[in-house]
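Below is one structure, written out as structure tokens; the observations come after it.
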Amino acid sequence: MKTWMLVRAGDVSQRLRVWLVGRWRVVAGVSLLSLCVLLLASSRPFSSVYSSLHSTTSLAAMATDLNDQRTDLARDYFSQLTRRTLQELQARSPHDGNASFMLSAPESDNTPTPSTIPTFTIVIITVSRKRPRNTNRSLGYVLQSGAALDSLVKNDPMFLDSRLFVCNVDPHPANHEDAVLLKHYLPYVERYGGSVVPALSRLPVPGSEQLYRDVKLPNIFDRERSDYTFCLQAALAFPSQYYLVFQDDALPHPHFPAVLDLSLAKLTKAQQCLKDQSSSGQFLTGLFQSFPTCLSEHPPYMSHSLPPIPRLISPTPNSTFGYLKFYFPERWQGFALEQQRLLDLLSMGCVGGGVALIIQALVAWRRKAGWEPSRTVLCVGVVLTLVVVLLVGRQTVNELRRVSTFLYRLQSPPDCCIPAMLYPAPVMPQLVTWLADSPGHSKVDLRVSDFFKHHALPSYFIAPNVVRHVGMVSSLFENYRKPVEEFVLFR
């Protein structure tokens, strides 16, 4: 019996060696692919193996070092600029007359038209944060966002007619050192201090005679919502067609201008298509047939690697969408039991199966043999692809969309998180009033989402993120640091 078992084992071993020798290319290819996948997963945050190879302490040190490098670059940027006097900053700001903007003021004959007002007003909302105990350096978040957005406004053809200002909502504005530095370079508004437009420091709360600067709110979420409302209301003193609202720890991705251009053009064309169909009495036909067609027709792409050309879009304040959201935390963008993400996983598996069939066909063609689609090869391709994408993480797979700005997509927005938002001008007054009338202890991001749901205004999130979040230290809770993986995602 033992002899038979030994002979049987030797026979199996011999067959295995013959199979391996005959298919050494396949074995070598699978081994090389496995090694590459493991190396990729070990270097990508949010992968299945990354956290096991890196400690939280080492990641925090890496994130802090990256933040210090960005802060140094931002300081160098401003050191090369000429400091502006208060009079020069006021020349770049609206007059006091515009600052008295009333939320319910009727339009007059002197109201600027879309062709005469800037396309964008950009506001950076900032507040000081408590420094970590082991450093005397400032966190520099507002310096980084200020440098990035000021460079964007000055150099990108899409933003040349735009206005940028800093909204400092710190209760002690003089203690916010980074914001004080920016007062020499950028127009500024302070909730509890001065402003380049003095009237903006005396803004009343909508529906009340009380000034924002006199409002005392003990709850942190109420303070955050009130600060956000104040900056939105201050932004209305800068007439424009769209308002870009950045928190101080949000940095635009290099693709931000091109993706924003394409997204606005796509939405504008789709809305015009539906408007034309509804005016001709074919609303349902336009909704179900023309809307996808309009969204699929991309405008010519303005390449930022080529010499500047005229802006592609002529946005109008008659836009009917609610907002564009540019950021959602990467740690919440992994695979989950949600319809959209399960469809993403299934589609990736199908692509992998298709690639496996193509490889099989190429091998058969090279051997000049007949070929028929193999279910086994298809299933193996699907399974291997699913294993790979689950190992490296959905966030890593989504990064492949950055190959081209045309691969970014508009999708339904999550309720959470508003580090960077775009609002059309028509929705701003009503949004300010809504936030000012919010019940106590409600979070500002959820109240913003509730407003657009209440008014049935379609809103969108651009995926993957076109804004980077660098604020590892929270502005709401002292001694609280957010999960560090997303702060080393971009190096």
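FYI, nothing fancy with the structure tokens labels: chains A, B, ... in order, residues from 1 per chain, ligands from 1 as they appear.
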Selection near Ser404 in chain A, 9 Å with only C-alpha atoms, sequence-local residues under 4 positions removed, as a list in words: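 The contact residues come out as His255, Leu400 and Tyr408 of chain A.
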With a distance cut-off of 12 Å and only C-alpha atoms, select the neighbouring residues of Leu251 in chain A, excluding the residue or stretch itself and same-chain residues fewer than 5 positions from it, and output the selection as a PDB file with C-alpha atoms, in the first residue's frame.
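Result written to selection_17.pdb:
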ATOM      1  CA  ASN A  67       2.577  69.850   5.199  1.00  0.00           C
ATOM      2  CA  ARG A  70       3.896  72.892   1.247  1.00  0.00           C
ATOM      3  CA  ALA A  74       3.552  78.981   0.081  1.00  0.00           C
ATOM      4  CA  ILE A 124     -11.326  81.168   1.609  1.00  0.00           C
ATOM      5  CA  TYR A 141      -3.203  75.754   5.884  1.00  0.00           C
ATOM      6  CA  VAL A 142      -4.515  79.144   4.795  1.00  0.00           C
ATOM      7  CA  LEU A 143      -1.107  80.071   3.355  1.00  0.00           C
ATOM      8  CA  GLN A 144      -1.202  76.966   1.162  1.00  0.00           C
ATOM      9  CA  SER A 145      -4.747  77.527  -0.086  1.00  0.00           C
ATOM     10  CA  GLY A 146      -4.157  81.258  -0.492  1.00  0.00           C
ATOM     11  CA  ALA A 147      -1.027  80.709  -2.594  1.00  0.00           C
ATOM     12  CA  ALA A 148      -2.653  78.012  -4.733  1.00  0.00           C
ATOM     13  CA  LEU A 149      -5.817  80.007  -5.442  1.00  0.00           C
ATOM     14  CA  ASP A 150      -4.013  83.326  -5.945  1.00  0.00           C
ATOM     15  CA  SER A 151      -1.764  81.645  -8.514  1.00  0.00           C
ATOM     16  CA  LEU A 152      -4.847  80.153 -10.164  1.00  0.00           C
ATOM     17  CA  VAL A 245     -16.231  78.547  -1.358  1.00  0.00           C
ATOM     18  CA  PHE A 246     -13.045  76.930  -0.029  1.00  0.00           C
ATOM     19  CA  PHE A 256      -9.353  71.528 -11.179  1.00  0.00           C
ATOM     20  CA  PHE A 326     -15.347  68.866  -5.210  1.00  0.00           C
ATOM     21  CA  TYR A 327     -14.324  66.744  -2.234  1.00  0.00           C
ATOM     22  CA  PRO A 419     -14.305  71.814   2.101  1.00  0.00           C
ATOM     23  CA  ALA A 420     -14.808  73.082  -1.458  1.00  0.00           C
ATOM     24  CA  ASN A 465     -11.809  64.494  -5.940  1.00  0.00           C
ATOM     25  CA  VAL A 466     -10.489  67.591  -7.681  1.00  0.00           C
ATOM     26  CA  VAL A 467      -9.621  69.161  -4.337  1.00  0.00           C
ATOM     27  CA  ARG A 468      -7.078  67.868  -1.839  1.00  0.00           C
ATOM     28  CA  HIS A 469      -7.759  68.030   1.880  1.00  0.00           C
ATOM     29  CA  VAL A 470      -4.647  68.885   3.899  1.00  0.00           C
ATOM     30  CA  GLY A 471      -6.185  69.751   7.278  1.00  0.00           C
ATOM     31  CA  PHE A 487      -2.961  63.166   4.074  1.00  0.00           C
ATOM     32  CA  PHE A 490      -0.765  62.944  -2.605  1.00  0.00           C
TER      33      PHE A 490
END
Selected residue, from A:Met348, A:Leu262, A:Leu164, A:Ala61, that lies nearest to Ser240 in chain A when counting only C-alpha atoms: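 Among the listed residues, the smallest separation from Ser240 in chain A belongs to A:Leu164.
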Residue among A:Thr229, A:Leu345, A:Ile462, A:Glu486 lying closest to Gln430 in chain A, counting only C-alpha atoms: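 When distances to Gln430 in chain A are compared using only C-alpha atoms, the smallest one comes from A:Thr229.
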Within 12 Å of His454 in chain A using only C-alpha atoms, minus same-chain residues under 6 positions, as an MDAnalysis selection string: chainID A and resid 322 430:431 434 446:448
Closest of A:Leu181, A:Leu244, A:Thr135, A:Met472 to Val153 in chain A - atom-to-atom distances counting only C-alpha atoms: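 The answer is A:Leu244, which sits nearest to Val153 in chain A.
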Those of range 36-279 of chain A in DSSP strand (DSSP E or B), formatted as a list of chain:residue names: A:Phe120, A:Thr121, A:Ile122, A:Val123, A:Ile124, A:Ile125, A:Thr126, A:Arg163, A:Leu164, A:Phe165, A:Val166, A:Cys167, A:Asn168, A:Tyr188, A:Val189, A:Glu190, A:Ser195, A:Pro204, A:Leu211, A:Tyr242, A:Tyr243, A:Leu244, A:Val245, A:Phe246, A:Gln247, A:Ala250, A:Leu251, A:Pro252
Among listed residues A:Asp68, A:Glu330, A:Glu485, A:Asp445, nearest Ala463 in chain A (using only C-alpha atoms): A:Glu330
Within 9 Å of range 357-364 of chain A using only C-alpha atoms, minus same-chain residues under 3 positions, as a PyMOL selection string: chain A and resi 352-354+367-374+377-378+381
Could you write out that same residue set with N, CA and C atoms as a PDB file, in the first residue's frame?
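Generated file (selection.pdb):
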ATOM      1  N   GLY A 352     -11.853  43.030 -16.632  1.00  0.00           N
ATOM      2  CA  GLY A 352     -10.773  42.060 -16.471  1.00  0.00           C
ATOM      3  C   GLY A 352     -11.032  40.773 -17.227  1.00  0.00           C
ATOM      4  N   GLY A 353     -12.278  40.297 -17.211  1.00  0.00           N
ATOM      5  CA  GLY A 353     -12.612  39.104 -17.982  1.00  0.00           C
ATOM      6  C   GLY A 353     -12.449  39.319 -19.468  1.00  0.00           C
ATOM      7  N   GLY A 354     -12.852  40.494 -19.952  1.00  0.00           N
ATOM      8  CA  GLY A 354     -12.674  40.807 -21.370  1.00  0.00           C
ATOM      9  C   GLY A 354     -11.216  40.855 -21.772  1.00  0.00           C
ATOM     10  N   ARG A 367      -0.102  31.320 -32.228  1.00  0.00           N
ATOM     11  CA  ARG A 367       0.158  29.895 -32.472  1.00  0.00           C
ATOM     12  C   ARG A 367      -0.551  29.391 -33.729  1.00  0.00           C
ATOM     13  N   LYS A 368      -1.283  30.289 -34.375  1.00  0.00           N
ATOM     14  CA  LYS A 368      -2.039  29.945 -35.579  1.00  0.00           C
ATOM     15  C   LYS A 368      -2.991  28.773 -35.328  1.00  0.00           C
ATOM     16  N   ALA A 369      -3.602  28.841 -34.166  1.00  0.00           N
ATOM     17  CA  ALA A 369      -4.565  27.808 -33.787  1.00  0.00           C
ATOM     18  C   ALA A 369      -5.961  28.413 -33.766  1.00  0.00           C
ATOM     19  N   GLY A 370      -6.945  27.580 -33.806  1.00  0.00           N
ATOM     20  CA  GLY A 370      -8.319  28.056 -33.721  1.00  0.00           C
ATOM     21  C   GLY A 370      -8.623  28.594 -32.327  1.00  0.00           C
ATOM     22  N   TRP A 371      -9.588  29.510 -32.263  1.00  0.00           N
ATOM     23  CA  TRP A 371      -9.908  30.111 -30.958  1.00  0.00           C
ATOM     24  C   TRP A 371     -11.405  30.214 -30.778  1.00  0.00           C
ATOM     25  N   GLU A 372     -11.844  29.827 -29.613  1.00  0.00           N
ATOM     26  CA  GLU A 372     -13.222  30.015 -29.199  1.00  0.00           C
ATOM     27  C   GLU A 372     -13.210  30.590 -27.787  1.00  0.00           C
ATOM     28  N   PRO A 373     -14.110  31.546 -27.493  1.00  0.00           N
ATOM     29  CA  PRO A 373     -14.147  32.113 -26.137  1.00  0.00           C
ATOM     30  C   PRO A 373     -14.307  31.021 -25.086  1.00  0.00           C
ATOM     31  N   SER A 374     -13.477  31.083 -24.072  1.00  0.00           N
ATOM     32  CA  SER A 374     -13.481  30.075 -23.013  1.00  0.00           C
ATOM     33  C   SER A 374     -14.120  30.647 -21.753  1.00  0.00           C
ATOM     34  N   VAL A 377     -11.464  30.823 -18.961  1.00  0.00           N
ATOM     35  CA  VAL A 377     -10.592  31.997 -19.038  1.00  0.00           C
ATOM     36  C   VAL A 377     -11.344  33.248 -18.599  1.00  0.00           C
ATOM     37  N   LEU A 378     -12.592  33.380 -19.022  1.00  0.00           N
ATOM     38  CA  LEU A 378     -13.402  34.532 -18.633  1.00  0.00           C
ATOM     39  C   LEU A 378     -13.567  34.592 -17.122  1.00  0.00           C
ATOM     40  N   GLY A 381     -10.292  35.497 -15.405  1.00  0.00           N
ATOM     41  CA  GLY A 381     -10.014  36.922 -15.553  1.00  0.00           C
ATOM     42  C   GLY A 381     -10.853  37.773 -14.627  1.00  0.00           C
TER      43      GLY A 381
END
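Nearest-residue note for Asp170 in chain A: choosing from A:Arg213, A:Arg191, A:Lys154, A:Arg394, the minimum distance belongs to A:Arg191, counting only C-alpha atoms.
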Find the residues around Ser412 in chain A up to 9 Å (only C-alpha atoms counted), leave out those fewer than 5 positions away in its own chain, and share them as an mmCIF file with C-alpha atoms, in the first residue's frame.
data_model
loop_
_atom_site.group_PDB
_atom_site.id
_atom_site.type_symbol
_atom_site.label_atom_id
_atom_site.label_comp_id
_atom_site.auth_asym_id
_atom_site.auth_seq_id
_atom_site.Cartn_x
_atom_site.Cartn_y
_atom_site.Cartn_z
ATOM 1 C CA PRO A 458 -30.160 68.777 -8.631
ATOM 2 C CA SER A 459 -26.619 68.839 -7.278
ATOM 3 C CA TYR A 460 -23.472 66.953 -8.191
ATOM 4 C CA PHE A 461 -20.204 65.589 -6.869
ATOM 5 C CA ILE A 462 -17.189 65.401 -9.209
#
Given only C-alpha atoms as the counted atoms, nearest of A:Asn219, A:Thr376, A:Ser438, A:Gln395 to Pro464 in chain A: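 With only C-alpha atoms as the atom set, the closest residue is A:Gln395.
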All residues 10 Å or closer to range 49-56 of chain A, only C-alpha atoms, same chain fewer than 5 positions away omitted, as a PyMOL selection string: chain A and resi 38-44+61-62+391-393+483-485
Contacts of Leu476 in chain A within 12 Å, only C-alpha atoms, excl. fewer than 5 positions in-chain, as a ChimeraX atom specification: /A:126-130,170,219-225,443,471,481-482
Sel. of alpha helix (DSSP H) residues, range 120-286 of chain A, as a PyMOL selection string: chain A and resi 141-155+177-182+220-235+256-279+283-285
